[in-house]
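Okay, so here's the structure we're looking at.
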Amino acid sequence: MPHKVDILLGLQWGDEGKGKIVDVLTPEYDIIARFQGGPNAGHTLEFNNIKHVLHTIPSGIFHPDKINVVGNGVVIDPTILMREIGELKKMGVDIQKSLCISRKAHLIMPTHRMLDSASEAEKGKAKIGSTLKGIGPTYMDKTGRNGLRVGDIAMPDFDQRYAALKEKHLKLLSAYDFEFSIEEDEKKWMEGIEAMRELRSIDSEHFMHRELQAGKRVLAEGAQGSLLDIDFGSYPFVTSSNTVSAGACTGLGIAPRRIGEVIGIFKAYCTRVGSGPFPTELHDEDGELLRKTGAEFGATTGRPRRCGWIDLPALKYAIMINGVTQLHMTKADVLSAFPQIKACVAYDLHGERIDYLPYDTHIPHLKPIYEGLPGWNCDLTELREEDEFPKELGQYISYLENALDTPICIVSVGPKREQTILRKPVHAT
């Protein structure tokens, strides 16, 4: 009997701690597969007192007996991929054995990054907070049916295809008041292309089908967060791909009936990088304390993250659109700094109480309505069992489970593998 694919994704604006949880769960699976996004992702793992940040490669790569798949829904920058692989090789990771890349994944060109930078610079104050990695322009070429794909690398006319798309980009760039040079970037990019020719490329839809039929267990790893989804996020301040569970079907070639558990990761509070609406954002000393205590700086960009209290209407929305079956809460240890914790339970919109995300979440008059809960005010980082939890943490977890009507199976109390506490079974189907 074939297994189903379990999906793990973020329920907020990204940075929920997905990489760590994937790393912890990987022993239960045979294959870890990324299904969307690109090097705008920054999945942080910490073990053996070393911090690792992955941008393109799935977070199961440090387990030598597992296969890691970069799916067709991912966009790949060969320069960044090769840099990442170089770091992994230094640590003894066998890339040839552990990594597969879909031939249908699209390539980010140096000119894509220039277009990203030029477009963002022109927006001025209206900028969306792009990571400037060329993600948006690459997806635009994909939907515009102009893109270059990994499989094209093996084609005899690859150089001509590259030159034609580059020429198109240069014409577009001429419309901007933007100075740029791509010669050095292009040289490194071409070196990356040569190195990618040595990697194992696959037709991911056939590969996934065969492996599932053979009884292999698959965990699909999402990047960014549900509230950054191109369709269901806080548009236009979103990413350029479908970050929700449906994206695993289109980003790996998996049929919807093959989906099993949908694991939603959320922080015990909220953060956001870049521009866009954030109803519970704190501009006071509590917000600064969250940022400092949680070391809230982007793993990819280094930008300070905006911080605020947990937003339950937004979480309920993300749970609904993803079909989440279980929750994993991260960074509970950060809230130890607060004698009282707040949870947004509804919004005040022009004097009316609403308990759902409205169409326009960028309304200045959308005010959070909070309920207060007692904090635990003690260090959690040494805890390893649920029965060691302070009473107030147990109350917070029960409060969230009741409000969200979904079980919280894992609670993370620190960045390391061992700081991950299993409360309820995570059923790898």
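Ordering of the structure tokens sets the chain letters (A, B, ...), residue numbers begin anew at 1 in every chain, and ligands are numbered from 1 in the order given.
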- Item | Secondary structure check, strand (DSSP E or B) residues of range 183-368 of chain A, as a count of residues only | 48
Closest atom pairs, residues of range 74-95 of chain A within 10 Å of range 34-45 of chain A, only C-alpha atoms, as JSON lines:
```
{"residue": "A:Val74", "atom": "CA", "partner": "A:Gln36", "partner_atom": "CA", "distance": 4.2}
{"residue": "A:Val75", "atom": "CA", "partner": "A:Gly38", "partner_atom": "CA", "distance": 4.9}
{"residue": "A:Ile76", "atom": "CA", "partner": "A:Gly38", "partner_atom": "CA", "distance": 5.8}
{"residue": "A:Asp77", "atom": "CA", "partner": "A:Pro39", "partner_atom": "CA", "distance": 7.1}
{"residue": "A:Ile80", "atom": "CA", "partner": "A:Pro39", "partner_atom": "CA", "distance": 7.3}
{"residue": "A:Leu81", "atom": "CA", "partner": "A:Pro39", "partner_atom": "CA", "distance": 8.2}
```
- Within 7 Å of range 214-220 of chain A, counting only C-alpha atoms, which residues show up once you throw out same-chain ones fewer than 5 positions away? Write them as an MDAnalysis selection string, please. chainID A and resid 1:3 5:8 29:35 248
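Relative to CA of Pro78 in chain A, CA of Ser98 in chain A is found at 17.7 Å.
With only C-alpha atoms as the atoms that count, the residue of A:Met320, A:Ala105, A:Leu54, A:Ile369 with the shortest distance to Ala223 in chain A is A:Leu54.
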- Would you return as a ChimeraX atom specification the members of range 133-375 of chain A that DSSP assigns to alpha helix (DSSP H) on this structure's backbone? /A:135-143,158-173,183-196,204-213,246-252,285-293,312-322
- Message: Considering only C-alpha atoms, can you say which of A:Asn68, A:Ser241, A:Thr79, A:Ser201 comes closest to Met140 in chain A?
- Response: A:Ser241
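Among A:Ile408, A:Met109, A:Val345, A:Leu383, the residue with the shortest atom-to-atom distance to Ile265 in chain A, counting only C-alpha atoms, is A:Ile408.
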- Identify, on the basis of only C-alpha atoms, every residue whose closest approach to Val411 in chain A does not exceed 6 Å; exclude the query and any residue fewer than 4 positions from it along the same chain; express the result as a PyMOL selection string. chain A and resi 328-330+421
- Item | Near-Pro27 in chain A list (12 Å; only C-alpha atoms; drop same-chain fewer than 3 positions) as a PyMOL selection string | chain A and resi 21-24+30-32+59-67+217-219+428
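In this model, the gap between CA of Gly308 in chain A and CA of Ala343 in chain A comes to 9.7 Å.
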- In terms of only C-alpha atoms, the residue from A:Pro156, A:Pro374, A:Gly10, A:Gly147 at minimal distance from Asn322 in chain A is A:Gly10
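With only C-alpha atoms taken into account, the protein and nucleic acid residues at most 7 Å from Gly287 in chain A (excluding it and anything under 4 positions from it in its own chain) are Leu282, His283, Arg291, Cys307 and Gly308 of chain A.
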Expected file: the selected residues, C-alpha atoms, as an mmCIF file, in the first residue's frame:
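Written out: part_10.cif:
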```cif
data_model
loop_
_atom_site.group_PDB
_atom_site.id
_atom_site.type_symbol
_atom_site.label_atom_id
_atom_site.label_comp_id
_atom_site.auth_asym_id
_atom_site.auth_seq_id
_atom_site.Cartn_x
_atom_site.Cartn_y
_atom_site.Cartn_z
ATOM 1 C CA LEU A 282 4.426 46.051 18.294
ATOM 2 C CA HIS A 283 6.271 49.369 18.002
ATOM 3 C CA ARG A 291 13.254 40.926 18.558
ATOM 4 C CA CYS A 307 7.587 41.515 15.879
ATOM 5 C CA GLY A 308 4.183 41.251 17.517
#
```
